[in-house]
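Student: Here it is: the structure, laid out below.
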Amino acid sequence: MKMKSVQVNLMLIIALICSVVCFFLMDIFVADDSTTEPSIGCSIIAFLLNYLWLSQLSWMIIEATTMYLALVRVFGTYISHAILKYSVFGWILPLIFPIIAVGWGGGDHFADPKTCFIKYPYG
């Protein structure tokens with residue numbers, strides 16, 4: 001159980017670091033006041049930020065579940081291939097919502113060009 005908790009914390013830290021890097025890269029793609037359309041880089045940053053924040057939330061839920069199983073339900077809590085199942089929940093499941101938002105937003109109008117965040121009706 002100790003190794004599982006370390007791996008879950010490592011995945012959470014990876015998601016946090018990636019989102020901080022994307023947040024700092026966002027300044028490169030922010031447009032000036034006269035631009036009304038976001039650049040492709042701005043849309044990618046908006047997509048990645050949305051995905052990584054949802055991934056962080058998923059990994060925090062996984063961490064809480066792991067701690068619950070370790071501290072409250074101590075016996076009979078073995079999960080076969082737990083890290084594989086956790087990785088699907090932590091990395092792949094959060095990908096669904098940004099993909100839906102891009103499909104709904106049409107790709108071009110997904111991000112706000114002045115902030116590189118998702119526009120209101122899409123996220």
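Ligands are numbered from 1 in the order shown, residues from 1 within each chain, and chains are lettered A, B, ... in the order they appear in the structure tokens.
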With a distance cut-off of 12 Å and only C-alpha atoms, select the neighbouring residues of Pro113 in chain A, excluding the residue or stretch itself and same-chain residues fewer than 2 positions from it, and output the selection as a PDB file with N, CA, C and O atoms, in the first residue's frame.
Tutor:
```
ATOM      1  N   MET A  26       1.608  30.328 -21.119  1.00  0.00           N
ATOM      2  CA  MET A  26       0.434  31.037 -21.599  1.00  0.00           C
ATOM      3  C   MET A  26       0.773  32.476 -21.987  1.00  0.00           C
ATOM      4  O   MET A  26       0.203  33.019 -22.932  1.00  0.00           O
ATOM      5  N   ASP A  27       1.712  33.101 -21.303  1.00  0.00           N
ATOM      6  CA  ASP A  27       2.089  34.485 -21.606  1.00  0.00           C
ATOM      7  C   ASP A  27       2.639  34.647 -23.016  1.00  0.00           C
ATOM      8  O   ASP A  27       2.549  35.721 -23.603  1.00  0.00           O
ATOM      9  N   ILE A  28       3.209  33.612 -23.569  1.00  0.00           N
ATOM     10  CA  ILE A  28       3.753  33.683 -24.921  1.00  0.00           C
ATOM     11  C   ILE A  28       2.640  33.828 -25.949  1.00  0.00           C
ATOM     12  O   ILE A  28       2.792  34.532 -26.948  1.00  0.00           O
ATOM     13  N   PHE A  29       1.499  33.198 -25.692  1.00  0.00           N
ATOM     14  CA  PHE A  29       0.432  33.127 -26.686  1.00  0.00           C
ATOM     15  C   PHE A  29      -0.700  34.133 -26.476  1.00  0.00           C
ATOM     16  O   PHE A  29      -1.612  34.197 -27.295  1.00  0.00           O
ATOM     17  N   VAL A  30      -0.666  34.896 -25.393  1.00  0.00           N
ATOM     18  CA  VAL A  30      -1.719  35.884 -25.163  1.00  0.00           C
ATOM     19  C   VAL A  30      -1.605  36.980 -26.214  1.00  0.00           C
ATOM     20  O   VAL A  30      -0.534  37.530 -26.465  1.00  0.00           O
ATOM     21  N   ALA A  31      -2.743  37.304 -26.841  1.00  0.00           N
ATOM     22  CA  ALA A  31      -2.758  38.285 -27.921  1.00  0.00           C
ATOM     23  C   ALA A  31      -2.897  39.703 -27.364  1.00  0.00           C
ATOM     24  O   ALA A  31      -3.261  39.906 -26.208  1.00  0.00           O
ATOM     25  N   ASP A  32      -2.634  40.664 -28.232  1.00  0.00           N
ATOM     26  CA  ASP A  32      -2.835  42.055 -27.833  1.00  0.00           C
ATOM     27  C   ASP A  32      -4.332  42.383 -27.859  1.00  0.00           C
ATOM     28  O   ASP A  32      -5.170  41.557 -28.202  1.00  0.00           O
ATOM     29  N   ASP A  33      -4.679  43.607 -27.502  1.00  0.00           N
ATOM     30  CA  ASP A  33      -6.087  43.998 -27.369  1.00  0.00           C
ATOM     31  C   ASP A  33      -6.840  44.039 -28.691  1.00  0.00           C
ATOM     32  O   ASP A  33      -8.059  43.931 -28.709  1.00  0.00           O
ATOM     33  N   SER A  34      -6.146  44.197 -29.798  1.00  0.00           N
ATOM     34  CA  SER A  34      -6.837  44.327 -31.076  1.00  0.00           C
ATOM     35  C   SER A  34      -7.255  42.975 -31.678  1.00  0.00           C
ATOM     36  O   SER A  34      -8.087  42.929 -32.567  1.00  0.00           O
ATOM     37  N   THR A  35      -6.698  41.890 -31.210  1.00  0.00           N
ATOM     38  CA  THR A  35      -6.986  40.565 -31.773  1.00  0.00           C
ATOM     39  C   THR A  35      -8.286  40.015 -31.195  1.00  0.00           C
ATOM     40  O   THR A  35      -8.507  40.053 -29.992  1.00  0.00           O
ATOM     41  N   THR A  36      -9.135  39.508 -32.079  1.00  0.00           N
ATOM     42  CA  THR A  36     -10.395  38.910 -31.622  1.00  0.00           C
ATOM     43  C   THR A  36     -10.404  37.395 -31.733  1.00  0.00           C
ATOM     44  O   THR A  36     -11.246  36.751 -31.141  1.00  0.00           O
ATOM     45  N   GLU A  37      -9.481  36.819 -32.493  1.00  0.00           N
ATOM     46  CA  GLU A  37      -9.404  35.368 -32.666  1.00  0.00           C
ATOM     47  C   GLU A  37      -8.170  34.835 -31.935  1.00  0.00           C
ATOM     48  O   GLU A  37      -7.082  35.388 -32.064  1.00  0.00           O
ATOM     49  N   PRO A  38      -8.316  33.736 -31.200  1.00  0.00           N
ATOM     50  CA  PRO A  38      -7.151  33.166 -30.515  1.00  0.00           C
ATOM     51  C   PRO A  38      -6.232  32.437 -31.486  1.00  0.00           C
ATOM     52  O   PRO A  38      -6.676  31.913 -32.503  1.00  0.00           O
ATOM     53  N   SER A  39      -4.956  32.437 -31.169  1.00  0.00           N
ATOM     54  CA  SER A  39      -4.012  31.674 -31.980  1.00  0.00           C
ATOM     55  C   SER A  39      -4.173  30.193 -31.659  1.00  0.00           C
ATOM     56  O   SER A  39      -4.800  29.803 -30.672  1.00  0.00           O
ATOM     57  N   ILE A  40      -3.598  29.351 -32.493  1.00  0.00           N
ATOM     58  CA  ILE A  40      -3.681  27.916 -32.260  1.00  0.00           C
ATOM     59  C   ILE A  40      -2.941  27.541 -30.980  1.00  0.00           C
ATOM     60  O   ILE A  40      -3.374  26.657 -30.237  1.00  0.00           O
ATOM     61  N   GLY A  41      -1.854  28.244 -30.701  1.00  0.00           N
ATOM     62  CA  GLY A  41      -1.112  28.001 -29.460  1.00  0.00           C
ATOM     63  C   GLY A  41      -1.932  28.347 -28.228  1.00  0.00           C
ATOM     64  O   GLY A  41      -1.889  27.642 -27.221  1.00  0.00           O
ATOM     65  N   CYS A  42      -2.689  29.424 -28.326  1.00  0.00           N
ATOM     66  CA  CYS A  42      -3.558  29.829 -27.222  1.00  0.00           C
ATOM     67  C   CYS A  42      -4.641  28.782 -26.985  1.00  0.00           C
ATOM     68  O   CYS A  42      -4.963  28.453 -25.841  1.00  0.00           O
ATOM     69  N   SER A  43      -5.210  28.257 -28.050  1.00  0.00           N
ATOM     70  CA  SER A  43      -6.229  27.214 -27.905  1.00  0.00           C
ATOM     71  C   SER A  43      -5.639  25.936 -27.321  1.00  0.00           C
ATOM     72  O   SER A  43      -6.285  25.271 -26.501  1.00  0.00           O
ATOM     73  N   ILE A  44      -4.412  25.596 -27.700  1.00  0.00           N
ATOM     74  CA  ILE A  44      -3.759  24.405 -27.152  1.00  0.00           C
ATOM     75  C   ILE A  44      -3.485  24.580 -25.668  1.00  0.00           C
ATOM     76  O   ILE A  44      -3.718  23.667 -24.861  1.00  0.00           O
ATOM     77  N   ILE A  45      -3.012  25.768 -25.277  1.00  0.00           N
ATOM     78  CA  ILE A  45      -2.751  26.042 -23.862  1.00  0.00           C
ATOM     79  C   ILE A  45      -4.046  25.978 -23.063  1.00  0.00           C
ATOM     80  O   ILE A  45      -4.097  25.420 -21.967  1.00  0.00           O
ATOM     81  N   ALA A  46      -5.135  26.538 -23.601  1.00  0.00           N
ATOM     82  CA  ALA A  46      -6.433  26.485 -22.914  1.00  0.00           C
ATOM     83  C   ALA A  46      -6.895  25.042 -22.748  1.00  0.00           C
ATOM     84  O   ALA A  46      -7.396  24.657 -21.684  1.00  0.00           O
ATOM     85  N   ASP A 108     -12.055  26.827 -33.159  1.00  0.00           N
ATOM     86  CA  ASP A 108     -11.566  28.185 -33.400  1.00  0.00           C
ATOM     87  C   ASP A 108     -11.917  29.135 -32.258  1.00  0.00           C
ATOM     88  O   ASP A 108     -11.119  29.979 -31.879  1.00  0.00           O
ATOM     89  N   HIS A 109     -13.094  28.987 -31.726  1.00  0.00           N
ATOM     90  CA  HIS A 109     -13.581  29.936 -30.729  1.00  0.00           C
ATOM     91  C   HIS A 109     -13.555  29.336 -29.328  1.00  0.00           C
ATOM     92  O   HIS A 109     -14.303  29.746 -28.462  1.00  0.00           O
ATOM     93  N   PHE A 110     -12.702  28.383 -29.113  1.00  0.00           N
ATOM     94  CA  PHE A 110     -12.624  27.657 -27.852  1.00  0.00           C
ATOM     95  C   PHE A 110     -11.995  28.501 -26.742  1.00  0.00           C
ATOM     96  O   PHE A 110     -12.428  28.465 -25.604  1.00  0.00           O
ATOM     97  N   ALA A 111     -10.967  29.268 -27.078  1.00  0.00           N
ATOM     98  CA  ALA A 111     -10.202  30.008 -26.073  1.00  0.00           C
ATOM     99  C   ALA A 111     -10.394  31.506 -26.238  1.00  0.00           C
ATOM    100  O   ALA A 111     -10.643  32.002 -27.331  1.00  0.00           O
ATOM    101  N   THR A 115      -6.737  35.989 -22.695  1.00  0.00           N
ATOM    102  CA  THR A 115      -6.319  35.285 -21.484  1.00  0.00           C
ATOM    103  C   THR A 115      -5.836  33.862 -21.731  1.00  0.00           C
ATOM    104  O   THR A 115      -5.197  33.267 -20.861  1.00  0.00           O
ATOM    105  N   CYS A 116      -6.156  33.263 -22.874  1.00  0.00           N
ATOM    106  CA  CYS A 116      -5.855  31.867 -23.196  1.00  0.00           C
ATOM    107  C   CYS A 116      -6.523  30.898 -22.218  1.00  0.00           C
ATOM    108  O   CYS A 116      -5.998  29.823 -21.936  1.00  0.00           O
ATOM    109  N   PHE A 117      -7.659  31.292 -21.681  1.00  0.00           N
ATOM    110  CA  PHE A 117      -8.497  30.391 -20.906  1.00  0.00           C
ATOM    111  C   PHE A 117      -9.706  30.020 -21.751  1.00  0.00           C
ATOM    112  O   PHE A 117     -10.011  30.670 -22.733  1.00  0.00           O
ATOM    113  N   ILE A 118     -10.428  29.013 -21.314  1.00  0.00           N
ATOM    114  CA  ILE A 118     -11.629  28.605 -22.042  1.00  0.00           C
ATOM    115  C   ILE A 118     -12.681  29.686 -21.881  1.00  0.00           C
ATOM    116  O   ILE A 118     -12.873  30.231 -20.808  1.00  0.00           O
ATOM    117  N   LYS A 119     -13.385  29.985 -22.985  1.00  0.00           N
ATOM    118  CA  LYS A 119     -14.464  30.954 -22.923  1.00  0.00           C
ATOM    119  C   LYS A 119     -15.608  30.409 -22.088  1.00  0.00           C
ATOM    120  O   LYS A 119     -15.761  29.203 -21.945  1.00  0.00           O
TER     121      LYS A 119
END
```
Student: For range 80-91 of chain A, please output as a count of residues only all residues within 12 Å (counting only C-alpha atoms; exclusion window: fewer than 6 positions along the same chain).
Tutor: 30
Student: Quick one: pull the distance between CA of Ser19 in chain A and CA of Trp104 in chain A, Å, one decimal.
Tutor: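 Taking CA of Ser19 in chain A and CA of Trp104 in chain A, their separation equals 23.1 Å.
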Student: CA of Pro94 in chain A to CA of Arg73 in chain A: how many Å, to one decimal?
Tutor: 27.0 Å
Student: Hey, which of A:Tyr78, A:Phe23, A:Ile13, A:Gly103 ends up closest to Asn50 in chain A? Count only C-alpha atoms.
Tutor: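 The answer is A:Phe23, which sits nearest to Asn50 in chain A.
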Student: Quick one: pull the distance between CA of Phe47 in chain A and CA of Leu93 in chain A, Å, one decimal.
Tutor: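 Result for CA of Phe47 in chain A versus CA of Leu93 in chain A: 14.5 Å, one decimal.
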Student: If you run DSSP on the backbone here, which positions in chain A get helix (DSSP H, G or I)? Please write them as a ChimeraX atom specification.
Tutor: /A:2-29,40-71,82-105,120-122
